[in-house]
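Participant: File start-v6.cif follows (mmCIF, C-alpha atoms):
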data_final
#
loop_
_atom_site.label_atom_id
_atom_site.label_comp_id
_atom_site.auth_asym_id
_atom_site.auth_seq_id
_atom_site.Cartn_x
_atom_site.Cartn_y
_atom_site.Cartn_z
CA MET D 115 53.57 8.20 -19.28
CA THR D 116 52.48 10.11 -16.22
CA THR D 117 49.39 11.24 -18.01
CA ARG D 118 48.52 7.68 -18.85
CA GLY D 119 49.05 6.55 -15.25
CA GLY D 120 46.87 9.42 -14.13
CA ALA D 121 44.13 8.42 -16.55
CA THR D 122 44.23 4.83 -15.29
CA THR D 123 44.04 5.97 -11.69
CA PHE D 124 41.16 8.21 -12.59
CA GLY D 125 39.50 5.29 -14.38
CA ILE D 126 39.83 3.05 -11.34
CA GLY D 127 38.60 5.84 -9.11
CA ALA D 128 35.53 6.36 -11.26
CA LEU D 129 34.86 2.62 -11.30
CA ALA D 130 35.16 2.41 -7.52
CA PHE D 131 32.82 5.38 -7.22
CA MET D 132 30.29 3.75 -9.53
CA CYS D 133 30.48 0.49 -7.58
CA SER D 134 29.84 2.28 -4.30
CA CYS D 135 26.83 3.92 -5.94
CA VAL D 136 25.26 0.48 -6.39
CA ALA D 137 24.80 0.81 -2.62
CA LYS D 138 26.47 -2.06 -0.88
CA VAL D 139 24.31 -2.48 2.20
CA ASP D 140 26.17 -2.72 5.50
CA TYR D 141 24.62 -5.78 7.11
CA GLY D 142 27.09 -5.69 10.04
CA PRO D 143 24.77 -4.21 12.72
CA TYR D 144 21.88 -6.39 11.49
CA ARG D 145 24.00 -9.56 11.72
CA ALA D 146 25.31 -8.49 15.16
CA HIS D 147 21.77 -8.07 16.52
CA MET D 148 20.11 -10.85 14.52
CA PRO D 149 16.47 -10.91 15.71
CA ARG D 150 14.55 -14.15 16.16
CA SER D 151 11.16 -12.48 16.23
CA ILE D 152 9.64 -9.50 14.41
CA LEU D 153 6.68 -7.42 15.52
CA VAL D 154 4.95 -5.76 12.55
CA LEU D 155 2.87 -2.77 13.61
CA PRO D 156 0.00 -1.43 11.47
CA PRO D 157 1.55 0.91 8.86
CA LEU D 158 1.35 4.69 8.75
CA ASN D 159 -0.42 6.04 5.68
CA GLU D 160 0.84 8.86 3.46
CA SER D 161 -1.46 7.84 0.61
CA THR D 162 -5.11 8.84 0.23
CA ALA D 163 -6.35 5.23 0.26
CA VAL D 164 -7.84 4.44 3.67
CA ASP D 165 -7.65 0.67 3.09
CA ALA D 166 -3.93 0.71 2.36
CA PRO D 167 -2.43 0.10 5.84
CA TYR D 168 -4.46 -2.98 6.76
CA THR D 169 -4.29 -4.44 3.25
CA TYR D 170 -0.51 -4.15 3.36
CA LEU D 171 -0.41 -5.52 6.91
CA SER D 172 -2.30 -8.61 5.75
CA THR D 173 0.45 -9.44 3.24
CA VAL D 174 3.69 -9.14 5.27
CA SER D 175 3.45 -12.10 7.68
CA ARG D 176 4.09 -14.71 5.02
CA PRO D 177 7.31 -13.31 3.49
CA LEU D 178 8.75 -12.49 6.92
CA ALA D 179 7.99 -15.95 8.30
CA GLU D 180 9.28 -17.67 5.15
CA CYS D 181 12.43 -15.56 5.54
CA GLY D 182 13.02 -17.31 8.87
CA TYR D 183 11.52 -15.13 11.61
CA TYR D 184 8.82 -15.59 14.19
CA VAL D 185 6.14 -13.06 13.23
CA PHE D 186 3.69 -11.98 15.93
CA PRO D 187 0.03 -12.45 14.91
CA VAL D 188 -0.69 -9.08 13.30
CA ALA D 189 -4.47 -8.99 13.92
CA VAL D 190 -4.12 -10.11 17.55
CA ILE D 191 -1.47 -7.43 18.16
CA ASP D 192 -3.71 -4.81 16.54
CA ALA D 193 -6.72 -5.83 18.67
CA PHE D 194 -4.56 -6.02 21.79
CA MET D 195 -3.23 -2.48 21.26
CA LYS D 196 -6.70 -1.10 20.52
CA ASP D 197 -7.96 -2.72 23.76
CA ASN D 198 -5.16 -0.92 25.56
CA GLY D 199 -6.06 2.57 24.42
CA LEU D 200 -4.06 2.81 21.19
CA PRO D 201 -6.68 3.14 18.44
CA THR D 202 -4.47 4.27 15.51
CA PRO D 203 -1.29 3.06 13.76
CA ASP D 204 0.27 6.41 14.64
CA GLU D 205 -0.19 5.80 18.35
CA MET D 206 0.92 2.17 18.05
CA GLN D 207 4.13 3.17 16.28
CA ASN D 208 4.89 5.59 19.14
CA VAL D 209 4.93 2.91 21.84
CA PRO D 210 8.38 3.02 23.52
CA LEU D 211 10.66 0.06 22.84
CA THR D 212 10.99 -0.66 26.57
CA LYS D 213 7.23 -1.21 26.71
CA ILE D 214 7.32 -3.45 23.62
CA LYS D 215 10.08 -5.52 25.19
CA GLU D 216 8.16 -5.87 28.43
CA VAL D 217 4.68 -6.64 27.09
CA ILE D 218 5.35 -8.38 23.77
CA GLY D 219 8.93 -9.58 24.08
CA ALA D 220 9.76 -8.92 20.42
CA ASP D 221 13.42 -8.81 19.34
CA ALA D 222 12.76 -6.33 16.52
CA VAL D 223 9.97 -4.07 15.28
CA LEU D 224 9.15 -3.43 11.61
CA TYR D 225 7.81 0.10 11.12
CA VAL D 226 6.11 0.50 7.74
CA THR D 227 4.86 3.65 6.00
CA ILE D 228 2.67 3.50 2.90
CA GLU D 229 3.82 6.21 0.46
CA ASP D 230 1.56 5.63 -2.52
CA TRP D 231 -1.31 3.27 -3.18
CA GLY D 232 -4.07 2.51 -5.63
CA GLN D 233 -5.10 2.49 -9.24
CA LYS D 234 -4.14 5.25 -11.63
CA TYR D 235 -6.39 5.26 -14.67
CA GLN D 236 -5.22 6.15 -18.13
CA VAL D 237 -7.42 6.25 -21.21
CA ILE D 238 -7.92 2.53 -21.70
CA SER D 239 -5.58 1.00 -19.20
CA SER D 240 -4.82 1.31 -15.54
CA THR D 241 -1.80 0.88 -13.30
CA THR D 242 -1.92 -0.42 -9.77
CA ILE D 243 0.71 1.14 -7.53
CA VAL D 244 1.98 0.06 -4.13
CA LYS D 245 4.85 2.02 -2.63
CA ALA D 246 6.05 1.51 0.92
CA ARG D 247 9.12 2.07 3.05
CA ALA D 248 10.08 0.04 6.09
CA ARG D 249 12.54 0.19 8.98
CA LEU D 250 13.59 -2.74 11.16
CA VAL D 251 14.58 -1.62 14.66
CA ASP D 252 16.41 -3.61 17.34
CA VAL D 253 14.24 -3.52 20.47
CA ALA D 254 17.14 -3.92 22.92
CA THR D 255 19.31 -1.06 21.60
CA GLY D 256 16.99 1.05 19.42
CA ALA D 257 19.46 0.65 16.54
CA THR D 258 18.12 0.60 12.98
CA LEU D 259 19.09 -2.80 11.59
CA TRP D 260 17.71 -2.42 8.09
CA THR D 261 15.71 -0.04 5.91
CA GLY D 262 13.95 -0.79 2.66
CA THR D 263 11.65 0.72 0.09
CA GLU D 264 9.63 -1.04 -2.52
CA GLN D 265 7.63 0.38 -5.36
CA LEU D 266 5.63 -1.88 -7.56
CA ALA D 267 3.48 -0.73 -10.45
CA GLN D 268 1.51 -3.34 -12.27
CA GLY D 269 -0.24 -2.25 -15.42
CA SER D 270 -2.91 -3.53 -17.67
CA GLY D 271 -2.57 -3.03 -21.39
CA GLY D 272 -0.36 -4.22 -24.24
CA ASN D 273 1.57 -3.14 -27.29
CA ASP D 274 -1.17 -2.82 -29.86
CA ILE D 275 -4.63 -1.34 -29.64
CA ILE D 276 -6.55 -4.66 -29.75
CA SER D 277 -4.59 -6.31 -26.95
CA MET D 278 -4.81 -3.09 -24.95
CA LEU D 279 -8.59 -3.08 -25.29
CA VAL D 280 -8.85 -6.76 -24.43
CA ALA D 281 -6.55 -6.34 -21.45
CA ALA D 282 -8.45 -3.28 -20.26
CA LEU D 283 -11.70 -5.20 -20.50
CA ILE D 284 -10.31 -8.20 -18.63
CA THR D 285 -8.83 -5.95 -15.98
CA GLN D 286 -12.16 -4.25 -15.57
CA ILE D 287 -13.92 -7.59 -15.10
CA VAL D 288 -11.31 -8.86 -12.67
CA THR D 289 -11.20 -5.56 -10.82
CA SER D 290 -14.93 -5.59 -10.23
CA MET D 291 -14.52 -8.90 -8.39
CA THR D 292 -11.18 -8.50 -6.68
CA ASP D 293 -9.05 -5.70 -5.34
CA PRO D 294 -5.87 -5.51 -7.50
CA THR D 295 -3.95 -3.66 -4.78
CA HIS D 296 -4.18 -6.78 -2.60
CA GLN D 297 -2.21 -8.90 -5.07
CA VAL D 298 0.26 -6.11 -5.87
CA SER D 299 0.80 -5.51 -2.15
CA ARG D 300 1.58 -9.19 -1.66
CA GLN D 301 4.16 -9.07 -4.45
CA ALA D 302 5.67 -5.79 -3.20
CA ALA D 303 6.11 -7.13 0.35
CA THR D 304 7.67 -10.34 -0.97
CA ASN D 305 10.06 -8.44 -3.26
CA MET D 306 11.16 -6.16 -0.44
CA VAL D 307 11.90 -9.02 2.00
CA PHE D 308 13.63 -11.33 -0.47
CA ASN D 309 15.68 -8.80 -2.49
CA GLN D 310 19.13 -10.39 -2.89
CA ASN D 311 20.96 -7.05 -2.73
CA ASN D 312 19.12 -5.09 -0.08
CA GLY D 313 16.42 -7.33 1.40
CA LEU D 314 16.26 -8.90 4.84
CA LEU D 315 18.85 -11.43 5.96
CA PHE D 316 17.57 -14.98 6.31
CA GLY D 317 16.49 -15.45 9.92
CA PRO D 318 17.17 -18.28 12.39
CA ARG D 319 14.18 -20.39 11.30
CA SER D 320 15.18 -20.40 7.60
CA PRO D 321 17.07 -23.35 6.09
CA GLN D 322 19.24 -20.69 4.39
CA TYR D 323 20.18 -18.96 7.66
CA GLU D 324 23.60 -20.60 7.98
CA SER D 325 24.56 -20.23 4.32
CA ASP D 326 23.53 -16.56 3.90
CA PRO D 327 26.88 -14.80 3.29
CA ARG D 328 25.60 -11.25 3.77
CA GLY D 329 26.97 -9.35 6.77
CA ARG D 330 29.54 -12.03 7.65
CA MET I 1251 5.91 -29.62 -32.40
CA ARG I 1252 7.00 -26.12 -31.48
CA GLY I 1253 4.15 -25.98 -28.99
CA VAL I 1254 5.31 -29.18 -27.33
CA GLN I 1255 8.82 -27.75 -26.98
CA VAL I 1256 7.53 -24.58 -25.42
CA SER I 1257 5.32 -26.42 -22.94
CA LEU I 1258 8.22 -28.70 -21.99
CA LEU I 1259 10.33 -25.62 -21.38
CA VAL I 1260 7.58 -24.06 -19.28
CA ALA I 1261 7.19 -27.29 -17.29
CA ALA I 1262 10.93 -27.46 -16.66
CA PHE I 1263 11.00 -23.84 -15.55
CA CYS I 1264 8.06 -24.38 -13.19
CA ALA I 1265 9.74 -27.43 -11.67
CA LEU I 1266 12.94 -25.44 -11.13
CA SER I 1267 11.26 -22.40 -9.61
CA ALA I 1268 9.11 -24.61 -7.37
CA CYS I 1269 12.33 -26.05 -5.99
CA ALA I 1270 13.78 -22.60 -5.40
CA SER I 1271 10.71 -21.26 -3.63
CA LYS I 1272 9.79 -24.26 -1.48
CA SER I 1273 7.87 -22.80 1.43
CA ILE I 1274 8.57 -23.65 5.06
CA TYR I 1275 4.93 -23.46 6.20
CA TYR I 1276 1.45 -24.51 5.10
CA TRP I 1277 -0.33 -21.15 4.76
CA GLY I 1278 -3.94 -21.96 3.90
CA HIS I 1279 -6.46 -19.16 4.61
CA TYR I 1280 -4.59 -17.19 7.29
CA GLU I 1281 -3.52 -14.15 5.24
CA ASP I 1282 -6.77 -14.05 3.28
CA LEU I 1283 -8.68 -13.94 6.57
CA LEU I 1284 -6.48 -11.06 7.76
CA TYR I 1285 -7.37 -9.23 4.56
CA ASP I 1286 -11.09 -10.04 4.72
CA MET I 1287 -11.38 -8.86 8.35
CA HIS I 1288 -10.69 -5.30 7.21
CA ALA I 1289 -11.53 -5.19 3.51
CA LYS I 1290 -14.80 -7.14 3.58
CA PRO I 1291 -16.48 -6.56 6.94
CA GLY I 1292 -18.89 -9.30 7.87
CA THR I 1293 -17.27 -11.99 5.71
CA ALA I 1294 -14.77 -13.14 8.34
CA ASP I 1295 -16.94 -13.62 11.43
CA PRO I 1296 -15.51 -15.76 14.26
CA GLY I 1297 -17.35 -18.91 13.11
CA THR I 1298 -15.94 -18.63 9.57
CA GLN I 1299 -12.45 -18.03 10.91
CA VAL I 1300 -12.53 -21.00 13.29
CA ALA I 1301 -13.74 -23.28 10.47
CA ALA I 1302 -11.09 -22.05 8.02
CA LEU I 1303 -8.17 -22.15 10.46
CA THR I 1304 -8.95 -25.55 12.00
CA GLU I 1305 -9.22 -26.94 8.45
CA ASP I 1306 -5.82 -25.38 7.61
CA ILE I 1307 -4.23 -26.88 10.73
CA ASP I 1308 -5.60 -30.33 9.84
CA LYS I 1309 -4.30 -30.00 6.26
CA ALA I 1310 -0.89 -28.87 7.49
CA HIS I 1311 -0.66 -31.93 9.73
CA ALA I 1312 -1.83 -34.20 6.90
CA GLN I 1313 0.91 -32.81 4.62
CA GLY I 1314 3.54 -32.91 7.35
CA LYS I 1315 4.14 -29.16 7.07
CA PRO I 1316 4.44 -26.80 10.04
CA VAL I 1317 1.66 -24.34 10.87
CA PRO I 1318 2.91 -20.74 10.36
CA PRO I 1319 3.78 -18.40 13.23
CA GLY I 1320 0.72 -16.63 14.60
CA VAL I 1321 -1.97 -19.02 13.35
CA HIS I 1322 -2.57 -20.82 16.66
CA ALA I 1323 -2.45 -17.50 18.54
CA HIS I 1324 -4.91 -15.96 16.08
CA LEU I 1325 -7.25 -18.93 16.41
CA GLY I 1326 -6.95 -18.69 20.20
CA TYR I 1327 -7.96 -15.05 20.03
CA VAL I 1328 -11.02 -15.89 17.90
CA TYR I 1329 -12.04 -18.57 20.44
CA TYR I 1330 -11.61 -15.94 23.15
CA GLN I 1331 -13.95 -13.59 21.24
CA GLN I 1332 -16.50 -16.42 21.12
CA GLY I 1333 -16.21 -16.89 24.88
CA ASN I 1334 -14.65 -20.35 24.44
CA LEU I 1335 -11.87 -19.82 26.97
CA GLY I 1336 -10.85 -23.48 27.19
CA SER I 1337 -10.07 -23.75 23.47
CA ALA I 1338 -8.50 -20.27 23.56
CA GLU I 1339 -6.03 -21.33 26.22
CA GLN I 1340 -5.21 -24.55 24.39
CA GLU I 1341 -4.38 -22.65 21.17
CA PHE I 1342 -2.29 -20.05 23.02
CA GLN I 1343 -0.31 -22.85 24.68
CA THR I 1344 0.25 -24.53 21.30
CA GLU I 1345 1.60 -21.27 19.83
CA LYS I 1346 4.02 -20.96 22.74
CA GLN I 1347 5.11 -24.56 22.45
CA LEU I 1348 5.75 -24.33 18.68
CA PHE I 1349 7.29 -20.85 18.88
CA PRO I 1350 8.97 -20.06 22.22
CA GLU I 1351 9.67 -16.56 20.77
CA SER I 1352 6.03 -15.80 21.61
CA THR I 1353 6.30 -16.69 25.33
CA ALA I 1354 6.19 -13.19 26.88
CA PHE I 1355 3.23 -12.10 24.75
CA ILE I 1356 1.25 -15.32 25.18
CA ASP I 1357 1.83 -15.44 28.94
CA GLY I 1358 0.52 -11.87 29.14
CA LEU I 1359 -2.59 -12.79 27.15
CA LEU I 1360 -3.25 -15.84 29.38
CA LYS I 1361 -2.84 -13.76 32.53
CA ARG I 1362 -5.29 -11.11 31.26
CA MET I 1363 -7.76 -13.76 30.15
CA LYS I 1364 -7.74 -15.43 33.58
CA ARG I 1365 -8.19 -12.12 35.39
CA GLN I 1366 -11.50 -11.52 33.61
#
Can you present the structure in this file as structure tokens?

Facilitator:
Amino acid sequence: MTTRGGATTFGIGALAFMCSCVAKVDYGPYRAHMPRSILVLPPLNESTAVDAPYTYLSTVSRPLAECGYYVFPVAVIDAFMKDNGLPTPDEMQNVPLTKIKEVIGADAVLYVTIEDWGQKYQVISSTTIVKARARLVDVATGATLWTGTEQLAQGSGGNDIISMLVAALITQIVTSMTDPTHQVSRQAATNMVFNQNNGLLFGPRSPQYESDPRGR
Amino acid sequence: MRGVQVSLLVAAFCALSACASKSIYYWGHYEDLLYDMHAKPGTADPGTQVAALTEDIDKAHAQGKPVPPGVHAHLGYVYYQQGNLGSAEQEFQTEKQLFPESTAFIDGLLKRMKRQ
């Protein structure tokens, strides 16, 4: 009898442990400091692809705005900072929050770091990888409101040799005209922002702002 | 027959997902221009950008959809680069009017522009 009770307790304990592993995000601080505007600074780059930061930067305004936030014009901000003696993303990301509040008036800053980027070639197929992490910081308090990572790998190829060859050929043709990382970056940024479990909360300009239950 | 069923299913799915992902803003060329400015130097000169963005703004108005955050400010900055300060100021003011969240930044830009 006691053994059985013990086993049940253990079972519940294990279940609770497993549930907590699915990482329930604490949206409390985020909800308490809900930003109306987000400043996205040019990303830091841990990959070897020099184009990665500005390609990624060109794909984040849309998901953030559609999620309900005012997004500062990324290219104007970049030019403005360069004009003011901050030529690199590294220097831009080191600007103190007090200065950001004073000059730009943003409620929150999104700091992005590119971790991996580009095309990895196999024998007859290739995979395009975009991996980034991001941190949303409250300008008034310096508190981290949200962190996220997104890895997206999009491959060419198929199940059998013919479709793999055809796909590889098509990819090659398409790749010679367009940059596949651009499209994958767009998808990665969208996935990260709109993830139901650990994405951003809907902001004040979204029709879903009032009905978003997270962090309430 | 089977093909018809499949295409009906696809059509239904598209209709559903279009409902779910209805966008707030009319996006047009803005993000592609941001990409081109860095990835394809020379393809997004100020003239090209002004043409593309003013066309987008007209289309947004025609469709009754709002212009996204940043577009008027970006256009204002391109006008500024061209030396067209009158149009620059007008676009900056429009950004501020549509998005009061931008007030501190836009006021700073206007002040700097007038000092020059």

Participant: Up to 12 Å from chain D, what residues of chain I turn up? Count all atoms listed in the file and give them as a PyMOL selection string.

Facilitator: chain I and resi 1270-1290+1316-1331+1342+1345-1346+1348-1359+1361-1363

Participant: Run the PyMOL selection byres ((chain D and resi 236-252) around 7) against the file shown and list the residues it catches, as an MDAnalysis selection string.

Facilitator: chainID D and resid 221:235 253:271 279 282 294:295 298:299 302

Participant: Please evaluate the PyMOL selection byres ((chain I and resi 1296) around 9) against the displayed coordinates and give the resulting residues as a PyMOL selection string.

Facilitator: chain I and resi 1294-1295+1297-1301+1328-1329+1331-1332

Participant: Around all of segment 1294-1303 of chain I's listed atoms, make the axis-aligned box with 3 Å on each side and tell me centre and edge lengths in Å to one decimal, as AutoDock Vina command-line options.

Facilitator:
--center_x -12.8 --center_y -18.2 --center_z 11.1 --size_x 15.2 --size_y 16.1 --size_z 12.2

Participant: Grab the atom CA of Pro149 of chain D to atom CA of Tyr323 of chain D distance for me, in Å with one decimal place.

Facilitator: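 Rounded to one decimal, the two atoms are 12.0 Å apart.
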